[in-house]
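Visitor: Input: one structure, supplied below.
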Amino acid sequence: MKRRRMLFMRLSEFRLLTRKLVTTLIVLSAFCLIILSKADNAHLNKVQDVISGFLNPVIHTLELPIDGVRFVYGKIGDVVHVYQENQELKKISAQVDILQTKLEILQTENEGLKKLLHYTPPKTASFVTAKVIFGQGDGFVQSLTIYTPLAQNLKKGQAVLYEKYLIGRIDKVTGQYAKVLLMTDINSKIPIFIKSSEIRGILSGNNTPLLDLLFTSADAKIKIKDKVVTSGIGGIFPSGIEIGEVVSLENGQIKVKPSLPLEAIEYVRVVDYGLETENDAEGDF
Amino acid sequence: MKETFKDIFVSNAKNLLALLTSILLILIGFIPTYLPFSHYFRPDFGLICVYFWTLYRNDIFGIFSAAFLGLIVDTLSGVYLGTNMLVYIFCEVLTIAINRFADTKPFIVSWIGFSIVCLVSLSLKWVIFSALNHRFLSLMFILITYISTVLIYPLIAQMNMNLQNKYLSDDDEVIDEQG
């Protein structure tokens with residue numbers, strides 16, 4: 001009798017045991033997934049691509065009503081402000097005429113100087129405009145997903161700009177969609193220099209709206225409102241792309257604020273400067 | 001009485017409804033609103049759904065559903081696969097543990113229960129992400145996620161209650177604000 005009790009258990013106990021076993025197995029598989037994902041497993045990346053390939057168009061479709069509302073709201077705003085904008089454009093047009101003349105003089109002078117120096121011009125940059133479909137921005141991750149029918153031209157590591165400002169780089173391309181790692185993400189590290197003093201450093205994201213400026217020399221004379229631009233070191237981004245300005249120097253920590261709020265971005269430009277991207281770099285090794 | 005194909009289909013579809021609406025909510029959560037600070041003000045809809053359905057209908061929303069939701073969030077966020085999966089499984093296990101206290105109690109009790117489960121789950125997420133990135137993440141913006149998630153819980157819970165009472169309940173399974 002005693003033996004039978006040991007061998008057989010009640011159905012509820014059996015269910016509880018099965019549940020515990022299943023939970024343990026799933027937790028273990030989650031840990032395995034994390035480890036494999038951290039190791040950049042190719043098979044896992046394919047699985048991720050298949051799921052994203054299915055879900056990205058769904059979100060894209062869900063976003064259409066919001067786009068419609070924004071379009072109507074934008075058109076109403078355009079009509080209301082048309083007179084004021086017209087006046088401002090007239091003023092700008094007058095200034096542009098003056099600048100145009102100066103530019104032509106400088107261009108001629110520049111061409112003459114280049115000939116004297118036997119200067120080799122850099123490759124021309126080409127760009128693709130893409131629409132922001134959705135973004136993940138919280139304390140854990142900072143990324144955007146963009147859509148363009150020309151996504152096959154995008155490569156991992158290419159610079160993503162809004163107007164003239166850098167906002168991040170391409171992290172992954174799946175079909176007609178690409179994931180952008182924002183410069184505010186904790187995994188983002190950008191070589192920069194301070195425009196006024198040419199002090200170099202690394203701009204690191206930390207999943208907050210402000211970026212940390214690291215690896216500057218201890219005696220560097222950095223001031224509030226100093227402009228921060230890419231340095232071009234590393235070869236991923238060219239030098240001189242605007243990022244933001246220094247906003248805080250407290251306790252030896254230098255904080256940089258990006259030039260534009262990330263939630264306002266609707267369209268971005270992915271720029272190919274003809275430099276070596278991360279894909280090319282991986283292929284070399 | 002013999003079950004027809006339609007009966008089997010409807011029954012299975014009903015069982016999947018909780019999971020499908022949770023996926024839809026997660027996808028909606030990713031859509032940008034372009035409002036000021038909206039980039040940082042993002043409730044974790046996945047946690048709300050895992051907690052709600054595990055608390056009230058763990059017969060149709062089990063650990064596999066929680067894991068699947070986590071996998072979807074991982075893929076869309078572009079984080080290491082398995083991180084949100086682990087957090088949602090933890091949330092599911094924790095919810096079952098507090099089930100006897102929060103189930104069939106007034107709504108406010110389940111809300112308080114959620115605030116505790118959410119706090120512990122987000123803390124776990126913070127630990128995992130900090131460990132994976134080799135540095136501590138800022139707590140400020142995780143606190144914002146926590147507060148926004150807890151504040152939006154009644155709205156999502158009410159939607160889920162309506163769904164449950166309209167499509168998923170037998171007469172004895174109606175959930176109201178009194179639990």
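Here, A, B, ... name the chains of the structure tokens in the order displayed, residue numbers run from 1 inside each chain, and ligands are numbered from 1 in the same displayed order.
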Pull the closest atom pair for each residue of chain A that gets at most 8 Å from chain B, along with the distance in Å to one decimal, counting only C-alpha atoms, ordering rows by chain and then ascending residue number, as CSV.

Guide:
```
residue,atom,partner,partner_atom,distance
A:Thr23,CA,B:Ile63,CA,7.2
A:Ile26,CA,B:Ala67,CA,7.8
A:Val27,CA,B:Leu86,CA,6.3
A:Ala30,CA,B:Gly82,CA,4.6
A:Phe31,CA,B:Gly82,CA,6.6
A:Cys32,CA,B:Gly82,CA,7.9
A:Leu33,CA,B:Gly82,CA,5.2
A:Ile34,CA,B:Gly82,CA,5.0
A:Ser37,CA,B:Tyr80,CA,5.4
A:Lys38,CA,B:Tyr80,CA,6.3
A:Gln48,CA,B:Thr75,CA,5.9
A:Ile51,CA,B:Thr75,CA,7.0
A:Ser52,CA,B:Thr75,CA,6.4
A:Leu55,CA,B:Leu76,CA,7.9
A:Asn56,CA,B:Leu76,CA,8.0
A:Val58,CA,B:Leu27,CA,8.0
A:Ile59,CA,B:Leu27,CA,6.0
A:Leu62,CA,B:Ile28,CA,7.2
A:Glu63,CA,B:Ile31,CA,6.2
A:Ile66,CA,B:Thr33,CA,7.7
A:Ile133,CA,B:Ile31,CA,7.1
A:Phe134,CA,B:Ile31,CA,5.0
A:Gly135,CA,B:Phe30,CA,6.1
A:Gln136,CA,B:Ser77,CA,5.9
A:Gly137,CA,B:His39,CA,5.1
A:Asp138,CA,B:Tyr40,CA,4.8
A:Gly139,CA,B:Phe141,CA,4.7
A:Phe140,CA,B:Phe129,CA,6.9
A:Val141,CA,B:Ser77,CA,7.1
A:Ser143,CA,B:Ser77,CA,7.1
A:Lys179,CA,B:Gly78,CA,7.6
A:Ile186,CA,B:Asn133,CA,7.5
A:Asn187,CA,B:Asn133,CA,7.5
A:Asn206,CA,B:Leu137,CA,6.9
A:Asn207,CA,B:Ser138,CA,7.2
A:Thr208,CA,B:Phe141,CA,7.0
A:Leu262,CA,B:His39,CA,6.9
A:Glu263,CA,B:His39,CA,5.0
A:Ala264,CA,B:Tyr34,CA,5.3
A:Ile265,CA,B:Tyr34,CA,7.6
```

Visitor: Show which residues sit within 12 Å of Arg100 (chain B), as a ChimeraX atom specification. Count only C-alpha atoms, and ignore same-chain residues fewer than 4 positions away.

Guide: /B:54-56,94-96,104-105,109-110,113

Visitor: Find the distance between CA of Leu89 (chain A) and CA of Gln107 (chain A) and write it in Å to one decimal.

Guide: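 Going from CA of Leu89 (chain A) over to CA of Gln107 (chain A), I get 25.3 Å.
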
Visitor: Take CA of Thr149 (chain B) and CA of Ile48 (chain B) and report the distance between them in Å, one decimal.

Guide: 7.5 Å

Visitor: Looking only at helix (DSSP H, G or I) from DSSP on the backbone, list the matching residues of region 161-275 of chain A as a ChimeraX atom specification.

Guide: /A:250-252,262-264

Visitor: Kindly export the residues of the current selection with C-alpha atoms, as a PDB file, in the first residue's frame.

Guide:
```
ATOM      1  CA  GLU A 250      28.269  68.814 -13.561  1.00  0.00           C
ATOM      2  CA  ASN A 251      30.471  66.496 -11.434  1.00  0.00           C
ATOM      3  CA  GLY A 252      32.892  65.963 -14.305  1.00  0.00           C
ATOM      4  CA  LEU A 262      13.489  62.277 -31.424  1.00  0.00           C
ATOM      5  CA  GLU A 263       9.707  61.979 -31.073  1.00  0.00           C
ATOM      6  CA  ALA A 264       9.215  64.619 -33.824  1.00  0.00           C
TER       7      ALA A 264
END
```

Visitor: To one decimal place in Å, what is the distance between CA of Phe127 (chain A) and CA of Tyr162 (chain A)?

Guide: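 CA of Phe127 (chain A) sits 11.7 Å away from CA of Tyr162 (chain A).
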
Visitor: Skipping near chain neighbours, those fewer than 4 positions away, what residues fall within 12 Å of Lys189 (chain A) using only C-alpha atoms, listed as an NGL selection string?

Guide: :A and (157 or 168-169 or 181-185 or 201-206 or 211-215 or 230 or 233-234 or 236-237)

Visitor: Could those residues be written to a file, using C-alpha atoms, as a PDB file, in the first residue's frame?

Guide:
```pdb
ATOM      1  CA  GLY A 157      26.294  51.112 -40.205  1.00  0.00           C
ATOM      2  CA  GLY A 168      21.696  57.163 -35.509  1.00  0.00           C
ATOM      3  CA  ARG A 169      22.856  54.388 -37.788  1.00  0.00           C
ATOM      4  CA  LEU A 181      19.909  52.300 -33.636  1.00  0.00           C
ATOM      5  CA  LEU A 182      19.405  55.807 -32.263  1.00  0.00           C
ATOM      6  CA  MET A 183      22.423  57.625 -30.885  1.00  0.00           C
ATOM      7  CA  THR A 184      20.599  57.802 -27.519  1.00  0.00           C
ATOM      8  CA  ASP A 185      20.677  53.983 -27.234  1.00  0.00           C
ATOM      9  CA  GLY A 201      35.930  62.207 -27.494  1.00  0.00           C
ATOM     10  CA  ILE A 202      33.325  59.466 -27.705  1.00  0.00           C
ATOM     11  CA  LEU A 203      29.626  60.257 -27.457  1.00  0.00           C
ATOM     12  CA  SER A 204      27.807  57.434 -25.722  1.00  0.00           C
ATOM     13  CA  GLY A 205      24.046  56.893 -25.439  1.00  0.00           C
ATOM     14  CA  ASN A 206      22.477  55.872 -22.148  1.00  0.00           C
ATOM     15  CA  LEU A 211      24.211  61.722 -24.207  1.00  0.00           C
ATOM     16  CA  ASP A 212      27.444  61.196 -22.246  1.00  0.00           C
ATOM     17  CA  LEU A 213      30.662  62.642 -23.613  1.00  0.00           C
ATOM     18  CA  LEU A 214      33.465  60.263 -22.662  1.00  0.00           C
ATOM     19  CA  PHE A 215      37.234  59.946 -23.088  1.00  0.00           C
ATOM     20  CA  THR A 230      31.223  63.742 -35.803  1.00  0.00           C
ATOM     21  CA  ILE A 233      37.429  58.561 -36.807  1.00  0.00           C
ATOM     22  CA  GLY A 234      36.551  54.902 -37.345  1.00  0.00           C
ATOM     23  CA  ILE A 236      31.736  54.856 -40.350  1.00  0.00           C
ATOM     24  CA  PHE A 237      30.591  58.483 -40.416  1.00  0.00           C
TER      25      PHE A 237
END
```

Visitor: So, with only C-alpha atoms as the atoms that count, which of A:Phe71, A:Tyr119, A:Phe14, A:Tyr267 lies closest to Leu161 (chain A)?

Guide: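 For Leu161 (chain A), the nearest of the candidates is A:Tyr267.
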
Visitor: Considering only C-alpha atoms, can you say which of B:Val120, B:Ile98, B:Ala131, B:Cys49 comes closest to Gln158 (chain B)?

Guide: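 Ranked by minimum distance to Gln158 (chain B), first place goes to B:Cys49.
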
Visitor: When DSSP is applied to the backbone of this structure, which of region 17-234 of chain A are assigned strand (DSSP E or B)? Write them out as a VMD selection string.

Guide: chain A and resid 126 to 137 142 to 147 159 to 162 165 to 174 177 to 182 189 to 194 200 to 204 211 to 214 227 to 230
